[in-house]
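So this block is entry-v4.cif, mmCIF, C-alpha atoms and all ligand atoms:
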data_my_file
#
loop_
_atom_site.label_atom_id
_atom_site.label_comp_id
_atom_site.auth_asym_id
_atom_site.auth_seq_id
_atom_site.Cartn_x
_atom_site.Cartn_y
_atom_site.Cartn_z
CA MET F 1 133.14 -95.38 0.31
CA VAL F 2 134.34 -95.82 3.91
CA VAL F 3 135.63 -92.47 5.19
CA LEU F 4 137.47 -91.86 8.47
CA GLY F 5 136.78 -88.34 9.78
CA ILE F 6 138.98 -86.53 12.31
CA GLU F 7 137.99 -83.34 14.16
CA SER F 8 140.06 -81.41 16.71
CA SER F 9 139.30 -77.73 16.06
CA CYS F 10 138.39 -76.73 19.61
CA ASP F 11 137.95 -78.77 22.78
CA GLU F 12 136.60 -82.09 21.51
CA THR F 13 138.84 -84.82 20.12
CA ALA F 14 136.63 -86.72 17.69
CA ALA F 15 136.87 -89.50 15.12
CA ALA F 16 134.15 -91.24 13.10
CA VAL F 17 133.70 -93.79 10.36
CA VAL F 18 130.95 -92.95 7.85
CA VAL F 19 129.92 -94.82 4.68
CA ASP F 20 128.97 -92.81 1.57
CA GLY F 21 128.49 -89.62 3.58
CA ALA F 22 125.27 -91.07 4.97
CA ARG F 23 125.66 -94.13 7.20
CA ILE F 24 127.49 -93.61 10.51
CA LEU F 25 129.33 -96.75 11.60
CA SER F 26 130.88 -95.00 14.61
CA SER F 27 131.25 -91.51 16.05
CA VAL F 28 133.47 -91.07 19.08
CA VAL F 29 133.84 -87.74 20.88
CA ALA F 30 136.18 -87.14 23.84
CA SER F 31 135.08 -83.98 25.61
CA GLN F 32 137.57 -81.78 27.48
CA VAL F 33 134.93 -80.07 29.62
CA SER F 34 136.47 -81.26 32.89
CA THR F 35 139.83 -79.71 31.89
CA HIS F 36 138.42 -76.29 30.99
CA GLU F 37 135.45 -75.86 33.34
CA LYS F 38 137.47 -74.39 36.20
CA PHE F 39 138.60 -71.62 33.85
CA GLY F 40 135.08 -70.94 32.52
CA GLY F 41 136.33 -71.25 28.94
CA VAL F 42 138.69 -73.18 26.69
CA VAL F 43 142.41 -72.73 27.49
CA PRO F 44 144.11 -73.23 24.09
CA GLU F 45 147.42 -74.62 25.40
CA LEU F 46 145.64 -77.22 27.55
CA ALA F 47 143.32 -78.12 24.67
CA SER F 48 146.28 -78.92 22.35
CA ARG F 49 147.95 -81.09 24.97
CA GLU F 50 144.73 -82.99 25.62
CA HIS F 51 144.23 -83.59 21.88
CA LEU F 52 147.77 -85.02 21.72
CA ARG F 53 146.96 -87.46 24.49
CA LYS F 54 143.64 -88.54 22.99
CA ILE F 55 143.96 -88.47 19.21
CA VAL F 56 145.47 -91.96 18.74
CA PRO F 57 143.13 -93.82 21.13
CA ILE F 58 140.05 -92.00 19.80
CA VAL F 59 140.81 -92.88 16.16
CA ASP F 60 141.47 -96.50 17.21
CA GLU F 61 138.20 -96.54 19.16
CA ALA F 62 136.23 -95.20 16.17
CA CYS F 63 137.62 -97.98 13.95
CA ARG F 64 137.01 -100.62 16.63
CA ARG F 65 133.37 -99.55 17.16
CA ALA F 66 132.81 -99.46 13.39
CA GLY F 67 134.32 -102.91 13.01
CA VAL F 68 136.59 -101.47 10.33
CA GLY F 69 140.36 -101.94 10.19
CA LEU F 70 142.51 -98.98 9.14
CA ASN F 71 143.34 -100.87 5.94
CA GLU F 72 139.61 -100.92 5.06
CA VAL F 73 139.32 -97.12 5.28
CA GLU F 74 139.07 -95.76 1.72
CA GLY F 75 139.63 -92.07 2.42
CA LEU F 76 140.35 -89.64 5.28
CA ALA F 77 138.76 -86.26 5.98
CA VAL F 78 140.35 -83.92 8.51
CA THR F 79 139.23 -80.53 9.83
CA GLU F 80 141.65 -77.89 8.49
CA GLY F 81 140.02 -74.81 10.08
CA PRO F 82 138.71 -72.53 11.42
CA GLY F 83 139.55 -73.09 15.08
CA LEU F 84 142.33 -72.99 17.63
CA ILE F 85 145.54 -73.41 15.67
CA GLY F 86 147.28 -75.68 18.20
CA SER F 87 144.21 -77.91 18.43
CA LEU F 88 143.69 -78.07 14.67
CA LEU F 89 147.32 -79.00 14.04
CA VAL F 90 147.11 -82.12 16.21
CA GLY F 91 144.22 -83.71 14.28
CA LEU F 92 145.48 -82.47 10.93
CA VAL F 93 149.03 -83.73 11.31
CA TYR F 94 147.87 -87.08 12.65
CA GLY F 95 145.26 -87.52 9.90
CA LYS F 96 147.69 -86.53 7.18
CA ALA F 97 150.44 -88.83 8.49
CA LEU F 98 147.97 -91.70 8.84
CA ALA F 99 146.68 -91.23 5.28
CA LEU F 100 150.21 -91.04 3.87
CA SER F 101 151.35 -94.13 5.76
CA LEU F 102 148.25 -96.08 4.60
CA GLY F 103 148.54 -94.75 1.05
CA LYS F 104 144.91 -93.49 1.16
CA PRO F 105 143.47 -90.28 -0.31
CA PHE F 106 142.73 -87.45 2.12
CA VAL F 107 141.07 -84.03 2.12
CA GLY F 108 140.85 -81.05 4.46
CA VAL F 109 137.33 -80.00 5.51
CA ASN F 110 136.12 -76.60 6.70
CA HIS F 111 134.60 -77.05 10.18
CA LEU F 112 131.58 -74.90 9.23
CA GLU F 113 130.92 -77.02 6.16
CA GLY F 114 131.01 -79.98 8.54
CA HIS F 115 128.28 -78.42 10.71
CA ILE F 116 126.10 -77.94 7.61
CA HIS F 117 126.67 -81.56 6.61
CA ALA F 118 125.52 -82.71 10.06
CA VAL F 119 122.02 -81.75 8.84
CA LEU F 120 122.42 -83.37 5.41
CA LEU F 121 123.81 -86.53 7.01
CA GLU F 122 120.59 -87.22 8.86
CA ASN F 123 118.15 -85.78 6.30
CA PRO F 124 118.84 -87.05 2.79
CA SER F 125 117.70 -84.86 -0.09
CA ALA F 126 114.50 -85.68 -1.87
CA ASP F 127 112.21 -84.07 -4.41
CA ALA F 128 109.15 -84.19 -2.18
CA PRO F 129 107.13 -80.96 -2.19
CA VAL F 130 107.50 -78.75 0.84
CA THR F 131 104.57 -78.92 3.23
CA PRO F 132 104.33 -76.57 6.22
CA GLY F 133 106.13 -77.97 9.25
CA ALA F 134 107.47 -80.97 7.35
CA SER F 135 110.81 -82.46 8.23
CA GLY F 136 112.88 -85.34 7.03
CA ASP F 137 114.17 -84.27 3.65
CA ALA F 138 116.83 -81.64 3.15
CA ARG F 139 115.99 -79.68 0.03
CA LEU F 140 118.54 -77.39 -1.49
CA PRO F 141 119.02 -74.51 -1.88
CA ALA F 142 118.70 -73.82 1.83
CA VAL F 143 119.73 -71.16 4.29
CA ALA F 144 122.00 -72.58 7.00
CA LEU F 145 122.49 -70.99 10.40
CA VAL F 146 125.69 -72.28 12.01
CA VAL F 147 125.58 -71.21 15.62
CA SER F 148 128.12 -72.41 18.17
CA GLY F 149 130.69 -71.24 20.70
CA GLY F 150 132.97 -69.97 17.95
CA HIS F 151 130.59 -69.06 15.14
CA THR F 152 127.30 -67.43 14.28
CA SER F 153 126.95 -67.33 10.50
CA LEU F 154 124.30 -67.56 7.82
CA PHE F 155 125.02 -69.32 4.52
CA LEU F 156 123.13 -70.02 1.35
CA VAL F 157 123.80 -73.69 0.50
CA GLU F 158 123.40 -74.80 -3.10
CA THR F 159 124.17 -78.03 -4.87
CA THR F 160 125.14 -79.06 -8.35
CA SER F 161 125.72 -82.44 -9.89
CA VAL F 162 129.25 -83.25 -11.06
CA ALA F 163 130.75 -86.30 -12.73
CA ALA F 164 132.23 -88.54 -10.06
CA ALA F 165 135.96 -88.98 -10.32
CA ASP F 166 136.04 -92.01 -8.14
CA ALA F 167 135.32 -95.58 -9.18
CA LEU F 168 133.77 -96.26 -5.76
CA SER F 169 131.04 -93.61 -6.24
CA PRO F 170 127.87 -93.37 -8.30
CA SER F 171 128.48 -91.84 -11.75
CA ARG F 172 127.05 -88.42 -10.74
CA MET F 173 128.02 -86.82 -7.45
CA LYS F 174 126.67 -83.83 -5.59
CA SER F 175 128.94 -80.90 -5.12
CA PHE F 176 128.11 -78.10 -2.66
CA ALA F 177 128.58 -74.36 -2.96
CA TYR F 178 128.25 -71.82 -0.15
CA ARG F 179 127.57 -68.11 -0.06
CA ARG F 180 128.08 -66.19 3.18
CA LEU F 181 125.01 -64.07 3.89
CA GLY F 182 125.96 -62.76 7.33
CA GLN F 183 128.07 -63.41 10.40
CA THR F 184 128.71 -62.13 13.88
CA ARG F 185 130.72 -58.94 14.21
CA ASP F 186 131.76 -59.71 17.78
CA ASP F 187 130.76 -62.59 20.08
CA ALA F 188 129.30 -65.85 18.80
CA ALA F 189 125.91 -66.73 20.35
CA GLY F 190 127.36 -69.72 22.26
CA GLU F 191 130.18 -67.52 23.52
CA ALA F 192 127.57 -65.08 24.88
CA PHE F 193 125.82 -67.95 26.70
CA ASP F 194 129.18 -69.09 28.13
CA LYS F 195 130.19 -65.57 29.25
CA ILE F 196 126.87 -64.85 30.96
CA ALA F 197 127.08 -68.22 32.74
CA LYS F 198 130.60 -67.30 33.89
CA LEU F 199 129.46 -63.86 35.10
CA LEU F 200 126.65 -65.47 37.10
CA ALA F 201 128.85 -68.37 38.33
CA LEU F 202 126.56 -71.00 36.80
CA GLY F 203 129.23 -73.30 35.34
CA TYR F 204 130.68 -74.30 31.97
CA PRO F 205 129.67 -74.66 29.19
CA GLY F 206 126.97 -72.09 29.84
CA GLY F 207 124.55 -72.90 26.98
CA PRO F 208 123.04 -76.14 28.31
CA ILE F 209 122.98 -74.81 31.90
CA ILE F 210 121.15 -71.61 30.91
CA ASP F 211 118.82 -73.65 28.69
CA SER F 212 117.65 -75.78 31.62
CA LEU F 213 117.58 -73.00 34.27
CA ALA F 214 115.68 -70.63 31.97
CA ARG F 215 112.63 -72.94 32.14
CA HIS F 216 112.14 -71.70 35.72
CA GLY F 217 112.43 -68.00 34.86
CA ASN F 218 110.08 -65.43 33.35
CA ALA F 219 111.44 -64.51 29.92
CA GLU F 220 109.27 -61.33 29.87
CA ALA F 221 110.80 -59.99 33.11
CA VAL F 222 113.63 -58.01 31.48
CA GLU F 223 113.09 -56.20 28.19
CA PHE F 224 116.39 -56.00 26.33
CA GLY F 225 115.05 -54.55 23.11
CA ARG F 226 115.91 -55.67 19.61
CA ILE F 227 119.55 -55.86 18.50
CA LYS F 228 120.02 -53.23 15.79
CA MET F 229 122.53 -53.74 13.00
CA LYS F 230 123.87 -51.01 10.74
CA GLY F 231 124.80 -52.22 7.25
CA ASN F 232 124.08 -55.87 6.55
CA PRO F 233 120.87 -56.82 8.42
CA LEU F 234 121.90 -60.48 8.28
CA ASP F 235 124.97 -59.88 10.47
CA PHE F 236 124.81 -60.57 14.20
CA SER F 237 126.14 -58.84 17.32
CA PHE F 238 125.77 -60.14 20.85
CA ALA F 239 128.35 -57.99 22.66
CA GLY F 240 125.82 -55.25 23.45
CA LEU F 241 123.36 -57.73 24.96
CA LYS F 242 126.16 -59.24 27.04
CA THR F 243 127.09 -55.79 28.35
CA ALA F 244 123.44 -55.03 29.12
CA VAL F 245 123.31 -58.17 31.30
CA LEU F 246 126.61 -57.17 32.95
CA TYR F 247 125.17 -53.76 33.93
CA ARG F 248 122.14 -55.46 35.47
CA VAL F 249 124.43 -57.62 37.63
CA ARG F 250 127.47 -55.49 38.54
CA GLY F 251 127.22 -53.83 41.95
CA THR F 252 123.77 -55.33 42.66
CA PRO F 253 122.60 -58.14 44.96
CA LEU F 254 122.79 -60.43 41.90
CA ALA F 255 126.59 -60.06 41.96
CA THR F 256 126.74 -60.99 45.66
CA GLU F 257 124.50 -63.97 44.95
CA ALA F 258 126.82 -65.05 42.10
CA GLU F 259 129.82 -64.86 44.46
CA GLN F 260 128.03 -67.06 47.00
CA ARG F 261 127.15 -69.52 44.24
CA ARG F 262 130.80 -69.59 43.12
CA GLU F 263 131.90 -70.55 46.65
CA TRP F 264 129.14 -73.19 46.97
CA ARG F 265 130.07 -74.72 43.59
CA LYS F 266 133.71 -74.97 44.69
CA SER F 267 132.81 -76.99 47.78
CA ALA F 268 129.98 -79.15 46.38
CA ALA F 269 130.30 -82.38 44.40
CA ARG F 270 129.68 -82.18 40.65
CA GLU F 271 126.40 -84.19 40.81
CA VAL F 272 125.14 -82.00 43.69
CA VAL F 273 125.82 -78.87 41.63
CA ARG F 274 124.09 -80.42 38.60
CA ASP F 275 120.96 -81.37 40.56
CA HIS F 276 120.66 -78.38 42.90
CA LEU F 277 121.96 -75.37 40.96
CA GLY F 278 118.44 -73.97 40.50
CA GLU F 279 117.90 -73.89 44.28
CA HIS F 280 120.96 -71.65 44.54
CA CYS F 281 119.55 -69.11 42.08
CA SER F 282 117.10 -66.37 43.09
CA GLN F 283 113.98 -65.79 41.00
CA GLU F 284 115.54 -62.54 39.79
CA THR F 285 118.58 -64.42 38.47
CA LEU F 286 116.37 -67.02 36.76
CA ASP F 287 114.27 -64.25 35.18
CA LEU F 288 117.40 -62.50 33.91
CA ILE F 289 118.71 -65.75 32.38
CA ALA F 290 115.36 -66.52 30.73
CA SER F 291 115.10 -62.98 29.31
CA PHE F 292 118.67 -63.12 28.00
CA GLN F 293 118.04 -66.48 26.31
CA LYS F 294 114.82 -65.19 24.76
CA ALA F 295 116.64 -62.15 23.34
CA VAL F 296 119.37 -64.30 21.75
CA VAL F 297 116.91 -66.84 20.33
CA GLN F 298 114.58 -64.15 18.96
CA ASP F 299 117.49 -62.47 17.18
CA LEU F 300 118.78 -65.74 15.69
CA VAL F 301 115.33 -66.81 14.47
CA GLU F 302 114.36 -63.41 13.01
CA ARG F 303 117.59 -62.93 11.06
CA THR F 304 117.50 -66.51 9.75
CA LEU F 305 113.89 -66.13 8.58
CA ALA F 306 114.82 -62.81 6.95
CA ALA F 307 117.70 -64.57 5.15
CA ALA F 308 115.37 -67.32 3.91
CA ASP F 309 112.91 -64.68 2.65
CA ALA F 310 115.65 -62.69 0.91
CA ALA F 311 117.11 -65.82 -0.72
CA ARG F 312 113.59 -67.13 -1.53
CA VAL F 313 114.28 -70.58 -0.11
CA ASP F 314 111.92 -72.79 1.85
CA SER F 315 114.51 -74.92 3.68
CA ILE F 316 116.45 -73.83 6.75
CA PHE F 317 119.24 -75.81 8.42
CA VAL F 318 120.26 -74.99 11.98
CA SER F 319 123.42 -76.57 13.40
CA GLY F 320 126.30 -76.05 15.85
CA GLY F 321 126.20 -76.42 19.64
CA VAL F 322 123.55 -73.72 20.18
CA ALA F 323 121.23 -75.69 17.88
CA CYS F 324 120.69 -77.93 20.95
CA ASN F 325 118.87 -75.03 22.64
CA SER F 326 115.28 -76.04 23.39
CA LEU F 327 113.75 -72.56 22.99
CA LEU F 328 115.55 -72.11 19.64
CA ARG F 329 114.15 -75.44 18.41
CA GLU F 330 110.67 -74.49 19.61
CA ARG F 331 110.73 -71.08 17.95
CA PHE F 332 111.96 -72.47 14.63
CA ALA F 333 109.35 -75.24 14.79
CA GLU F 334 106.64 -72.59 15.29
CA ALA F 335 107.97 -70.63 12.30
CA ALA F 336 107.97 -73.80 10.17
CA ARG F 337 104.35 -74.50 11.10
CA SER F 338 103.13 -71.01 10.30
CA ARG F 339 105.00 -70.55 6.99
CA ARG F 340 105.78 -72.82 4.05
CA LEU F 341 109.13 -73.71 5.51
CA ARG F 342 111.03 -76.75 6.56
CA VAL F 343 113.50 -76.29 9.39
CA LEU F 344 115.97 -79.09 9.99
CA PHE F 345 118.28 -79.65 12.94
CA PRO F 346 120.81 -82.43 13.48
CA SER F 347 120.20 -84.69 16.47
CA PRO F 348 121.84 -83.14 19.58
CA ALA F 349 124.90 -85.45 19.34
CA LEU F 350 125.59 -84.22 15.81
CA SER F 351 124.79 -80.57 16.63
CA THR F 352 127.87 -80.16 18.81
CA ASP F 353 131.37 -80.85 17.48
CA ASN F 354 131.85 -84.34 16.09
CA ALA F 355 133.81 -86.08 13.32
CA ALA F 356 130.87 -87.77 11.55
CA MET F 357 129.97 -84.40 10.02
CA ILE F 358 133.59 -84.00 8.83
CA ALA F 359 133.61 -87.48 7.28
CA ALA F 360 130.27 -86.74 5.55
CA ALA F 361 131.48 -83.42 4.10
CA GLY F 362 134.79 -85.06 3.12
CA TYR F 363 133.05 -87.92 1.30
CA TYR F 364 131.61 -85.60 -1.37
CA LYS F 365 135.02 -84.02 -1.94
CA LEU F 366 136.82 -87.37 -2.15
CA ALA F 367 134.17 -88.85 -4.46
CA ALA F 368 134.40 -85.81 -6.75
CA GLY F 369 138.12 -86.41 -7.04
CA GLU F 370 139.47 -83.77 -4.64
CA ARG F 371 142.79 -84.74 -3.08
CA ALA F 372 144.94 -82.87 -0.57
CA GLY F 373 148.69 -83.12 -0.80
CA THR F 374 151.47 -83.08 1.76
CA SER F 375 151.20 -79.28 1.92
CA LEU F 376 147.74 -79.43 3.60
CA THR F 377 147.92 -77.28 6.72
CA ALA F 378 145.67 -75.83 9.42
CA HIS F 379 144.16 -72.32 9.36
CA ALA F 380 142.82 -70.56 12.47
CA SER F 381 140.67 -68.39 10.17
CA LEU F 382 139.21 -70.15 7.18
CA PRO F 383 136.18 -68.50 5.60
CA LEU F 384 133.56 -70.72 4.01
CA GLY F 385 132.10 -69.53 0.73
CA ASP F 386 132.06 -66.13 -0.94
CA HIS F 387 130.50 -63.17 0.76
CA VAL F 388 127.49 -61.77 -1.07
O1 LIG A 1 129.55 -76.66 18.13
P1 LIG A 1 130.16 -76.67 19.50
O2 LIG A 1 130.24 -78.00 20.21
O3 LIG A 1 131.61 -76.09 19.48
C1 LIG A 1 132.01 -74.99 18.74
O4 LIG A 1 132.30 -75.15 17.53
O5 LIG A 1 131.99 -73.90 19.36
O6 LIG A 1 129.33 -75.59 20.38
C2 LIG A 1 129.59 -75.36 21.73
C3 LIG A 1 128.74 -74.17 22.17
C4 LIG A 1 129.03 -73.69 23.58
O7 LIG A 1 129.16 -72.28 23.56
C5 LIG A 1 127.80 -74.12 24.36
O8 LIG A 1 127.51 -73.26 25.46
C6 LIG A 1 126.73 -74.04 23.31
O9 LIG A 1 127.35 -74.53 22.14
N1 LIG A 1 125.55 -74.87 23.64
C7 LIG A 1 124.33 -74.38 23.88
C8 LIG A 1 123.51 -75.47 24.24
N2 LIG A 1 124.27 -76.61 24.17
C9 LIG A 1 125.52 -76.23 23.79
N3 LIG A 1 123.87 -73.11 23.86
C10 LIG A 1 122.57 -72.91 24.17
N4 LIG A 1 121.73 -73.90 24.54
C11 LIG A 1 122.14 -75.19 24.57
N5 LIG A 1 121.30 -76.17 24.94
ZN ZN A 2 131.70 -76.39 15.95
#
Just dump the structure as structure tokens.
Amino acid sequence: MVVLGIESSCDETAAAVVVDGARILSSVVASQVSTHEKFGGVVPELASREHLRKIVPIVDEACRRAGVGLNEVEGLAVTEGPGLIGSLLVGLVYGKALALSLGKPFVGVNHLEGHIHAVLLENPSADAPVTPGASGDARLPAVALVVSGGHTSLFLVETTSVAAADALSPSRMKSFAYRRLGQTRDDAAGEAFDKIAKLLALGYPGGPIIDSLARHGNAEAVEFGRIKMKGNPLDFSFAGLKTAVLYRVRGTPLATEAEQRREWRKSAAREVVRDHLGEHCSQETLDLIASFQKAVVQDLVERTLAAADAARVDSIFVSGGVACNSLLRERFAEAARSRRLRVLFPSPALSTDNAAMIAAAGYYKLAAGERAGTSLTAHASLPLGDHV
């Protein structure tokens, strides 16, 4: 089944064509980084306007690259939430109108379910036994950590087999169920990276910048201590860590240095900033960044491993923009080697927001007979799964 996916929940306008939830024919992502970077974060009003400008050409481009005409698309899958409401509405209204005008079935997809399917898309399920450190096959049930600029959540992902309702699909289809094990009570991990980068005038988005600068810092230099959670130990909280970094910067030479960096970045060309940012950071700043990153990564890894232990599963999925982080990947790979665990990440292009993951998640719904009607609408908050 050829599915056209559309994603516009935050600051990427994306469209993709995916066959049977597994084979990507095209995946096009238009980033809005250049629009938002001067503000150090996404400006919702500007994001919606940019989506409006890009949605039609990006969908056309996805079909062109896939070599598929709109009339050959057999179903549409559109992100319905959670996200910025103005951004979501653009993709949703366009996808719905397109489906109605083509007379094709369509479904709404939860953005977080999409991130989980980014892992399944590249790692088909198999019955192979788990061997330590193995990768390649996504076995369910699994614990999924979705960690991005907007979310930090842990889910238990389970699958059942249902009769396919669609003539285009095999006779039995997989259906997925999600249970929410924990989530952030304040900032998302990616948001914390972005805010610390803004405080230190490093640029936007902060995650990839901190990831590469942290290699030059000593992660043992600043001891932040473990993040303690009252109540559910699988919940997250990064606001305290962010404040701890703020106190180490405010009113110190690090703040003056950040101001100087801000001025330099304003006057220098983008490529110059990209290639020489490290030279404009003192060792103390690099050490602080590396220690901050280590604290975030340690917390994410420990809570995810605790969730896998509690749920007695041996597969972990990690996805969302922060899943690109090199230290996070290293630490999870170490955990997989030392325990009977398999830890799967999407490739970096599918870790950040994209529409291939939406098309893949939508395929299973469409094939199982799910259909949205004209009343399909966007939701800024849209929980995935029941809370346990
Ligand atoms: O999934 P995504 O593209 O959008 C949301 O749904 O939020 O994630 C974007 C987030 C940003 O906060 C960005 O700073 C973070 O992912 N990010 C990273 C890295 N690459 C992107 N954080 C840490 N290390 C990275 N290498
Ligand atoms: Zn996302």
Please, which residues in chain F fall within 7 Å of ligand ZN 2 (chain A) when counting only C-alpha atoms and all ligand atoms, and what is the closest atom pair and distance in Å to one decimal for each, ordered by chain then residue number, as JSON lines?
{"residue": "F:His111", "atom": "CA", "partner": "A:ZN2", "partner_atom": "ZN", "distance": 6.5}
{"residue": "F:Leu112", "atom": "CA", "partner": "A:ZN2", "partner_atom": "ZN", "distance": 6.9}
{"residue": "F:His115", "atom": "CA", "partner": "A:ZN2", "partner_atom": "ZN", "distance": 6.6}
{"residue": "F:Ser148", "atom": "CA", "partner": "A:ZN2", "partner_atom": "ZN", "distance": 5.8}
{"residue": "F:Gly150", "atom": "CA", "partner": "A:ZN2", "partner_atom": "ZN", "distance": 6.8}
{"residue": "F:Gly320", "atom": "CA", "partner": "A:ZN2", "partner_atom": "ZN", "distance": 5.4}
{"residue": "F:Gly321", "atom": "CA", "partner": "A:ZN2", "partner_atom": "ZN", "distance": 6.6}
{"residue": "F:Thr352", "atom": "CA", "partner": "A:ZN2", "partner_atom": "ZN", "distance": 6.1}
{"residue": "F:Asp353", "atom": "CA", "partner": "A:ZN2", "partner_atom": "ZN", "distance": 4.7}
Writing out the chosen residues with C-alpha atoms as a PDB file, keeping the file's coordinate frame:
ATOM      1  CA  HIS F 111     134.600 -77.050  10.180  1.00  0.00           C
ATOM      2  CA  LEU F 112     131.580 -74.900   9.230  1.00  0.00           C
ATOM      3  CA  HIS F 115     128.280 -78.420  10.710  1.00  0.00           C
ATOM      4  CA  SER F 148     128.120 -72.410  18.170  1.00  0.00           C
ATOM      5  CA  GLY F 150     132.970 -69.970  17.950  1.00  0.00           C
ATOM      6  CA  GLY F 320     126.300 -76.050  15.850  1.00  0.00           C
ATOM      7  CA  GLY F 321     126.200 -76.420  19.640  1.00  0.00           C
ATOM      8  CA  THR F 352     127.870 -80.160  18.810  1.00  0.00           C
ATOM      9  CA  ASP F 353     131.370 -80.850  17.480  1.00  0.00           C
TER      10      ASP F 353
END
Each residue of chain F with at least one atom at most 7 Å from ligand LIG 1 (chain A) should appear once, together with its nearest atom pair and the corresponding distance in Å (one decimal); atoms considered: only C-alpha atoms and all ligand atoms; ordering: chain, then increasing residue number; output as JSON lines.
{"residue": "F:Cys10", "atom": "CA", "partner": "A:LIG1", "partner_atom": "O4", "distance": 6.6}
{"residue": "F:Ser148", "atom": "CA", "partner": "A:LIG1", "partner_atom": "O6", "distance": 4.1}
{"residue": "F:Gly149", "atom": "CA", "partner": "A:LIG1", "partner_atom": "O5", "distance": 3.2}
{"residue": "F:Gly150", "atom": "CA", "partner": "A:LIG1", "partner_atom": "O5", "distance": 4.3}
{"residue": "F:His151", "atom": "CA", "partner": "A:LIG1", "partner_atom": "O5", "distance": 6.6}
{"residue": "F:Gly190", "atom": "CA", "partner": "A:LIG1", "partner_atom": "O7", "distance": 3.4}
{"residue": "F:Glu191", "atom": "CA", "partner": "A:LIG1", "partner_atom": "O7", "distance": 4.9}
{"residue": "F:Phe193", "atom": "CA", "partner": "A:LIG1", "partner_atom": "O8", "distance": 5.7}
{"residue": "F:Asp194", "atom": "CA", "partner": "A:LIG1", "partner_atom": "O8", "distance": 5.2}
{"residue": "F:Pro205", "atom": "CA", "partner": "A:LIG1", "partner_atom": "O8", "distance": 4.5}
{"residue": "F:Gly206", "atom": "CA", "partner": "A:LIG1", "partner_atom": "O8", "distance": 4.6}
{"residue": "F:Gly207", "atom": "CA", "partner": "A:LIG1", "partner_atom": "N3", "distance": 3.2}
{"residue": "F:Pro208", "atom": "CA", "partner": "A:LIG1", "partner_atom": "N5", "distance": 3.8}
{"residue": "F:Ile210", "atom": "CA", "partner": "A:LIG1", "partner_atom": "N4", "distance": 6.8}
{"residue": "F:Asp211", "atom": "CA", "partner": "A:LIG1", "partner_atom": "N4", "distance": 5.1}
{"residue": "F:Gly320", "atom": "CA", "partner": "A:LIG1", "partner_atom": "O1", "distance": 4.0}
{"residue": "F:Gly321", "atom": "CA", "partner": "A:LIG1", "partner_atom": "O6", "distance": 3.3}
{"residue": "F:Val322", "atom": "CA", "partner": "A:LIG1", "partner_atom": "N3", "distance": 3.7}
{"residue": "F:Ala323", "atom": "CA", "partner": "A:LIG1", "partner_atom": "C8", "distance": 6.8}
{"residue": "F:Cys324", "atom": "CA", "partner": "A:LIG1", "partner_atom": "N5", "distance": 4.4}
{"residue": "F:Asn325", "atom": "CA", "partner": "A:LIG1", "partner_atom": "N5", "distance": 3.5}
{"residue": "F:Ser326", "atom": "CA", "partner": "A:LIG1", "partner_atom": "N5", "distance": 6.2}
{"residue": "F:Ser351", "atom": "CA", "partner": "A:LIG1", "partner_atom": "O1", "distance": 6.3}
{"residue": "F:Thr352", "atom": "CA", "partner": "A:LIG1", "partner_atom": "O2", "distance": 3.5}
{"residue": "F:Asp353", "atom": "CA", "partner": "A:LIG1", "partner_atom": "O2", "distance": 4.1}
### Query
Which distance in Å separates atom CA of F:Ile58 and atom CA of F:Glu72, to one decimal?
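Atom CA of F:Glu72 lies at a distance of 17.2 Å from atom CA of F:Ile58.
Between F:Cys281 and the residues F:Ala214, F:Met173, F:Ala219, F:Ala15, the shortest atom-to-atom distance, using only C-alpha atoms, involves F:Ala214.
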### Message
So that I can check the surroundings of F:Glu80, please list as a VMD selection string every protein, DNA and RNA residue that reaches within 10 Å of it, counting only C-alpha atoms and ignoring chain neighbours fewer than 6 positions away.
### Response
chain F and resid 6 to 9 88 to 89 91 to 93 107 to 111 376 to 382
### Task
Quick one: pull the distance between atom CA of F:Ala47 and atom CA of F:Ala97, Å, one decimal.
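Going from atom CA of F:Ala47 over to atom CA of F:Ala97 covers 20.7 Å.
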### Query
Which residues, written as a PyMOL selection string, have at least one atom at most 9 Å from stretch 22-28 of chain F, with all atoms listed in the file counted and residues fewer than 6 positions away on the same chain left out?
chain F and resi 5+13-16+58-59+61-68+120-124+354-356+360
